[in-house]
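The structure appears right after this line, and notes come after that.
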Amino acid sequence: MDQSYAPIVVFAYNRVDKLENCLASLEKCIEASSSDLYLFCDGPKSDKDADAVAAVHKFAAEYADRKGFRSINVSLQEKNRGLAASIISGVTDVVNKYGKVIVVEDDLVVFPTFLKYLNEGLAYYRNDPVCGSVSAFTYPIKELDKYDGDVYSTYKAECWGWATWADRWDNASWADTDFTGYLSDMSQRRRFESLEAGLDRLMYLQYKGRIDSWAVRWVYHLFKTGRLTVYPAASHVANEGFDGSGTHCANGFGADFNSAASMSSKEFRWIKCELNDKLAKAYARFPRRKLLFYIPETVRYMLKRH
C-alpha cells in the first residue's frame, strides 16, 4: 500500500474564525507535520463581503509561515469564483499533482483521527475500482449503535471531510452532467433520490441555475458510474457551520448531524467496499429535516415539476 500522506486542500471564503478553528484542529492530527497543505481563499462577491474576505486573506497569508504542516501553499483570489468553481479547480490541480487528495471546507472541525483514517482509507482502497471516495463523516444513525464494524459503504458520496484519487475525480470530466437525460428518466431520478432525501430537487435546482453545486454533481457522477463511498461507523469530523454563516448550512441543525468525537487511535478494521444495504437505507432516511433548509425553493420546485 502507498504509505505517503495525501495533500490536504482547505477552502475558505469570509469566515476567519471558522478557518482558524479548522486549521487548528488539523494541526492536532499527528500526520499533519508530514502532510502538504493547500489553502484556497476565494475573493469577495461584493463590497459587503470585502472586509470579511480581507481578514481571511490576511490570516491565510500570515499562516503560510507557520510550521504545522510539511509545507503550506496559499492561493488568494482577488475576484470571486464561487464555491463550486473554487473546489473543482483547486481539487483538480492538487489531485493531479499527487494522485490523491483530502478535501476540507473551512466550517469543519476535524478530530485527531481524521488524517490517519483518510490516509489509511486511500491506501486500502486505491486499487479497488468500486470505491469512488472515502468519507470521514457519517450521520449518527441509530443502526450504527449495533454495528460492530469500523466502516461501511453506500452509493451516496459525502462532502464533509472526504478523500479521493485522481482517476476517480478526473473521470467526472468535471462534471459534464446530462441534465436533460436525467430529468426525463423518472426511474433514475427515483433511484438517485433514494440515496438521500432532496438529491433530486438539488439536481433540478442545479439544472435551473438556482444553485451552483459541485457536490450534487459529484454525488450523481459516482452514483451513475456505480461507485461506492466508504463511511466510518463513527465520524472523524464535525460541521460547525450550522450558525447561519455558511452558503448551504442553515442555523440550528448541527446537533442533529454531528456525532460524538471519534478519539480512538486504534487500528481501523478495513473491509471490502461493497454496499451495506441496511445502513445505506438508514443513512438515506436520516437527514430529511435538511429539506427544511430549502422550503421556499422546494415549493417552487414542486410547482414546476407538476
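Residue numbers start at 1 in each chain; chains themselves are named A, B, ... in the order of the C-alpha cells; ligands are numbered from 1 in the order shown.
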Exercise for review: Would you list, as a PyMOL selection string, the residues of region 50-248 of chain A that end up in strand (DSSP E or B) under DSSP run on this structure's backbone?
Suggested key: chain A and resi 71-76+100-105+108-110+131-135+151-154+162-165+228-232+237-239
Check your understanding: Contacts of Ser4 (chain A) at 12 Å or less, counting only C-alpha atoms, minus same-chain residues fewer than 4 places along, as number ranges by chain?
Key -> A: 31, 34-36, 98-101, 115-116, 118-120, 122-123
Exercise for review: Would you list the contacts of region 175-192 of chain A as an MDAnalysis selection string, taking every protein, DNA or RNA residue within 10 Å and counting only C-alpha atoms, but skipping same-chain residues closer than 2 positions in sequence?
Suggested key: chainID A and resid 88 155:156 169:173 194:201 203:204 206:208 214:221 223:224
Store the residues picked out above in a file with N, CA and C atoms, as a PDB file, in the first residue's frame.
```
ATOM      1  N   ILE A  88     -13.714  22.740  -7.583  1.00  0.00           N
ATOM      2  CA  ILE A  88     -13.386  21.958  -8.774  1.00  0.00           C
ATOM      3  C   ILE A  88     -11.969  22.262  -9.251  1.00  0.00           C
ATOM      4  N   TYR A 155     -23.954   4.084  -1.818  1.00  0.00           N
ATOM      5  CA  TYR A 155     -23.798   4.742  -3.114  1.00  0.00           C
ATOM      6  C   TYR A 155     -23.887   6.261  -3.019  1.00  0.00           C
ATOM      7  N   LYS A 156     -24.101   6.805  -1.825  1.00  0.00           N
ATOM      8  CA  LYS A 156     -24.192   8.255  -1.642  1.00  0.00           C
ATOM      9  C   LYS A 156     -22.835   8.803  -1.189  1.00  0.00           C
ATOM     10  N   TRP A 169     -11.686  11.293  -9.676  1.00  0.00           N
ATOM     11  CA  TRP A 169     -12.090  12.690  -9.805  1.00  0.00           C
ATOM     12  C   TRP A 169     -12.075  13.148 -11.256  1.00  0.00           C
ATOM     13  N   ASP A 170     -10.992  12.865 -11.960  1.00  0.00           N
ATOM     14  CA  ASP A 170     -10.879  13.316 -13.344  1.00  0.00           C
ATOM     15  C   ASP A 170     -11.890  12.645 -14.249  1.00  0.00           C
ATOM     16  N   ASN A 171     -12.306  11.436 -13.875  1.00  0.00           N
ATOM     17  CA  ASN A 171     -13.276  10.709 -14.681  1.00  0.00           C
ATOM     18  C   ASN A 171     -14.638  11.405 -14.698  1.00  0.00           C
ATOM     19  N   ALA A 172     -14.839  12.335 -13.742  1.00  0.00           N
ATOM     20  CA  ALA A 172     -16.095  13.088 -13.705  1.00  0.00           C
ATOM     21  C   ALA A 172     -16.183  14.103 -14.841  1.00  0.00           C
ATOM     22  N   SER A 173     -15.084  14.540 -15.351  1.00  0.00           N
ATOM     23  CA  SER A 173     -14.904  15.385 -16.546  1.00  0.00           C
ATOM     24  C   SER A 173     -15.689  16.719 -16.564  1.00  0.00           C
ATOM     25  N   SER A 194     -33.397   8.107  -3.761  1.00  0.00           N
ATOM     26  CA  SER A 194     -33.384   7.105  -2.697  1.00  0.00           C
ATOM     27  C   SER A 194     -32.062   7.082  -1.933  1.00  0.00           C
ATOM     28  N   LEU A 195     -31.011   7.701  -2.493  1.00  0.00           N
ATOM     29  CA  LEU A 195     -29.727   7.753  -1.786  1.00  0.00           C
ATOM     30  C   LEU A 195     -29.781   8.697  -0.595  1.00  0.00           C
ATOM     31  N   GLU A 196     -30.575   9.760  -0.725  1.00  0.00           N
ATOM     32  CA  GLU A 196     -30.760  10.734   0.350  1.00  0.00           C
ATOM     33  C   GLU A 196     -31.872  11.696  -0.064  1.00  0.00           C
ATOM     34  N   ALA A 197     -32.805  11.939   0.831  1.00  0.00           N
ATOM     35  CA  ALA A 197     -33.922  12.829   0.528  1.00  0.00           C
ATOM     36  C   ALA A 197     -33.422  14.204   0.105  1.00  0.00           C
ATOM     37  N   GLY A 198     -33.900  14.691  -1.041  1.00  0.00           N
ATOM     38  CA  GLY A 198     -33.557  16.027  -1.510  1.00  0.00           C
ATOM     39  C   GLY A 198     -32.585  16.071  -2.665  1.00  0.00           C
ATOM     40  N   LEU A 199     -31.942  14.942  -3.008  1.00  0.00           N
ATOM     41  CA  LEU A 199     -30.955  14.970  -4.081  1.00  0.00           C
ATOM     42  C   LEU A 199     -31.577  15.297  -5.434  1.00  0.00           C
ATOM     43  N   ASP A 200     -32.751  14.754  -5.710  1.00  0.00           N
ATOM     44  CA  ASP A 200     -33.407  15.028  -6.993  1.00  0.00           C
ATOM     45  C   ASP A 200     -33.750  16.511  -7.111  1.00  0.00           C
ATOM     46  N   ARG A 201     -34.197  17.100  -6.022  1.00  0.00           N
ATOM     47  CA  ARG A 201     -34.512  18.524  -6.021  1.00  0.00           C
ATOM     48  C   ARG A 201     -33.252  19.353  -6.280  1.00  0.00           C
ATOM     49  N   MET A 203     -30.635  18.451  -7.950  1.00  0.00           N
ATOM     50  CA  MET A 203     -30.272  18.316  -9.360  1.00  0.00           C
ATOM     51  C   MET A 203     -31.117  19.254 -10.221  1.00  0.00           C
ATOM     52  N   TYR A 204     -32.406  19.357  -9.898  1.00  0.00           N
ATOM     53  CA  TYR A 204     -33.278  20.257 -10.649  1.00  0.00           C
ATOM     54  C   TYR A 204     -32.832  21.711 -10.459  1.00  0.00           C
ATOM     55  N   GLN A 206     -29.886  22.786  -9.707  1.00  0.00           N
ATOM     56  CA  GLN A 206     -28.620  22.961 -10.417  1.00  0.00           C
ATOM     57  C   GLN A 206     -28.888  23.172 -11.909  1.00  0.00           C
ATOM     58  N   TYR A 207     -29.781  22.378 -12.463  1.00  0.00           N
ATOM     59  CA  TYR A 207     -30.153  22.492 -13.880  1.00  0.00           C
ATOM     60  C   TYR A 207     -30.728  23.874 -14.181  1.00  0.00           C
ATOM     61  N   LYS A 208     -31.541  24.402 -13.252  1.00  0.00           N
ATOM     62  CA  LYS A 208     -32.173  25.703 -13.461  1.00  0.00           C
ATOM     63  C   LYS A 208     -31.237  26.867 -13.141  1.00  0.00           C
ATOM     64  N   TRP A 214     -21.025  21.858  -6.767  1.00  0.00           N
ATOM     65  CA  TRP A 214     -20.144  20.804  -7.251  1.00  0.00           C
ATOM     66  C   TRP A 214     -20.551  19.467  -6.630  1.00  0.00           C
ATOM     67  N   ALA A 215     -21.049  19.520  -5.376  1.00  0.00           N
ATOM     68  CA  ALA A 215     -21.285  18.301  -4.615  1.00  0.00           C
ATOM     69  C   ALA A 215     -22.357  17.418  -5.231  1.00  0.00           C
ATOM     70  N   VAL A 216     -23.498  18.002  -5.633  1.00  0.00           N
ATOM     71  CA  VAL A 216     -24.565  17.161  -6.181  1.00  0.00           C
ATOM     72  C   VAL A 216     -24.130  16.531  -7.497  1.00  0.00           C
ATOM     73  N   ARG A 217     -23.300  17.231  -8.248  1.00  0.00           N
ATOM     74  CA  ARG A 217     -22.789  16.654  -9.493  1.00  0.00           C
ATOM     75  C   ARG A 217     -21.799  15.514  -9.213  1.00  0.00           C
ATOM     76  N   TRP A 218     -20.991  15.649  -8.189  1.00  0.00           N
ATOM     77  CA  TRP A 218     -20.054  14.609  -7.779  1.00  0.00           C
ATOM     78  C   TRP A 218     -20.809  13.371  -7.278  1.00  0.00           C
ATOM     79  N   VAL A 219     -21.815  13.613  -6.437  1.00  0.00           N
ATOM     80  CA  VAL A 219     -22.630  12.509  -5.933  1.00  0.00           C
ATOM     81  C   VAL A 219     -23.294  11.769  -7.104  1.00  0.00           C
ATOM     82  N   TYR A 220     -23.848  12.535  -8.047  1.00  0.00           N
ATOM     83  CA  TYR A 220     -24.520  11.927  -9.188  1.00  0.00           C
ATOM     84  C   TYR A 220     -23.539  11.159 -10.066  1.00  0.00           C
ATOM     85  N   HIS A 221     -22.355  11.715 -10.273  1.00  0.00           N
ATOM     86  CA  HIS A 221     -21.356  11.026 -11.098  1.00  0.00           C
ATOM     87  C   HIS A 221     -20.994   9.668 -10.507  1.00  0.00           C
ATOM     88  N   PHE A 223     -22.738   7.882  -8.410  1.00  0.00           N
ATOM     89  CA  PHE A 223     -23.939   7.038  -8.495  1.00  0.00           C
ATOM     90  C   PHE A 223     -24.086   6.467  -9.904  1.00  0.00           C
ATOM     91  N   LYS A 224     -23.949   7.325 -10.899  1.00  0.00           N
ATOM     92  CA  LYS A 224     -24.136   6.921 -12.293  1.00  0.00           C
ATOM     93  C   LYS A 224     -23.099   5.895 -12.730  1.00  0.00           C
TER      94      LYS A 224
END
```
Practice item. Can you list, as an MDAnalysis selection string, all residues belonging to region 12-253 of chain A that DSSP tags as helix (DSSP H, G or I)? Key: chainID A and resid 16:27 30:34 47:63 83:98 114:125 142:146 166:170 179:184 186:193 199:207 214:224
Practice item. Skip Asp17 (chain A) itself and residues of its chain fewer than 5 positions away, then list as a PyMOL selection string all residues within 10 Å of it, counting only C-alpha atoms. Key: chain A and resi 22+55-56+59+106-107
Review point. Separation of CA of Ala84 (chain A) and CA of Asp42 (chain A), in Å?
Key: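 Calculated distance between CA of Ala84 (chain A) and CA of Asp42 (chain A) is 10.9 Å.
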Practice item. Please provide as number ranges by chain all residues within 9 Å of region 125-127 of chain A, with the sequence filter that same-chain residues fewer than 5 positions apart are discarded (counting only C-alpha atoms). Key: A: 1-2, 120, 132-134, 164-165, 272-273
Selection file, N, CA and C atoms, as a PDB file, in the first residue's frame:
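The result, written out as again-v6.pdb:
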```
ATOM      1  N   MET A   1       0.834  -1.198   0.000  1.00  0.00           N
ATOM      2  CA  MET A   1       0.000   0.000   0.000  1.00  0.00           C
ATOM      3  C   MET A   1       0.877   1.260   0.000  1.00  0.00           C
ATOM      4  N   ASP A   2       0.361   2.328  -0.613  1.00  0.00           N
ATOM      5  CA  ASP A   2       1.043   3.620  -0.645  1.00  0.00           C
ATOM      6  C   ASP A   2       1.042   4.227   0.754  1.00  0.00           C
ATOM      7  N   GLU A 120      -5.304   6.064   5.576  1.00  0.00           N
ATOM      8  CA  GLU A 120      -5.380   4.603   5.531  1.00  0.00           C
ATOM      9  C   GLU A 120      -6.437   4.151   4.523  1.00  0.00           C
ATOM     10  N   GLY A 132     -15.274   4.941  -4.902  1.00  0.00           N
ATOM     11  CA  GLY A 132     -15.110   6.244  -5.533  1.00  0.00           C
ATOM     12  C   GLY A 132     -14.548   7.302  -4.615  1.00  0.00           C
ATOM     13  N   SER A 133     -14.835   7.180  -3.309  1.00  0.00           N
ATOM     14  CA  SER A 133     -14.328   8.158  -2.347  1.00  0.00           C
ATOM     15  C   SER A 133     -14.412   7.571  -0.947  1.00  0.00           C
ATOM     16  N   VAL A 134     -13.745   8.239  -0.017  1.00  0.00           N
ATOM     17  CA  VAL A 134     -13.766   7.849   1.393  1.00  0.00           C
ATOM     18  C   VAL A 134     -14.234   9.050   2.196  1.00  0.00           C
ATOM     19  N   THR A 164     -10.329  11.333  -2.202  1.00  0.00           N
ATOM     20  CA  THR A 164     -10.473  10.544  -3.425  1.00  0.00           C
ATOM     21  C   THR A 164      -9.149  10.510  -4.169  1.00  0.00           C
ATOM     22  N   TRP A 165      -9.175   9.904  -5.356  1.00  0.00           N
ATOM     23  CA  TRP A 165      -7.992   9.718  -6.182  1.00  0.00           C
ATOM     24  C   TRP A 165      -8.181  10.428  -7.523  1.00  0.00           C
ATOM     25  N   LYS A 272     -13.922  -5.020   2.629  1.00  0.00           N
ATOM     26  CA  LYS A 272     -14.204  -4.870   1.207  1.00  0.00           C
ATOM     27  C   LYS A 272     -15.266  -3.803   0.972  1.00  0.00           C
ATOM     28  N   CYS A 273     -15.055  -3.020  -0.071  1.00  0.00           N
ATOM     29  CA  CYS A 273     -16.007  -1.959  -0.416  1.00  0.00           C
ATOM     30  C   CYS A 273     -17.185  -2.586  -1.158  1.00  0.00           C
TER      31      CYS A 273
END
```
Point to revise | Nearest residue to Arg227 (chain A) from the set A:Glu158, A:Asp212, A:Glu240, A:Glu274 (distances using only C-alpha atoms) | key: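 Among the listed residues, A:Glu274 lies closest to Arg227 (chain A).
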Practice item. Name all residues at most 7 Å from Tyr152 (chain A) (count only C-alpha atoms; drop same-chain ones fewer than 5 positions away) and give them as an MDAnalysis selection string. Key: chainID A and resid 230:233 276
Practice item. Quick one: pull the distance between CA of Val53 (chain A) and CA of Leu83 (chain A), Å, one decimal. Key: 13.7 Å
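Here CA of Val151 (chain A) stands at a distance of 24.3 Å from CA of Val10 (chain A).
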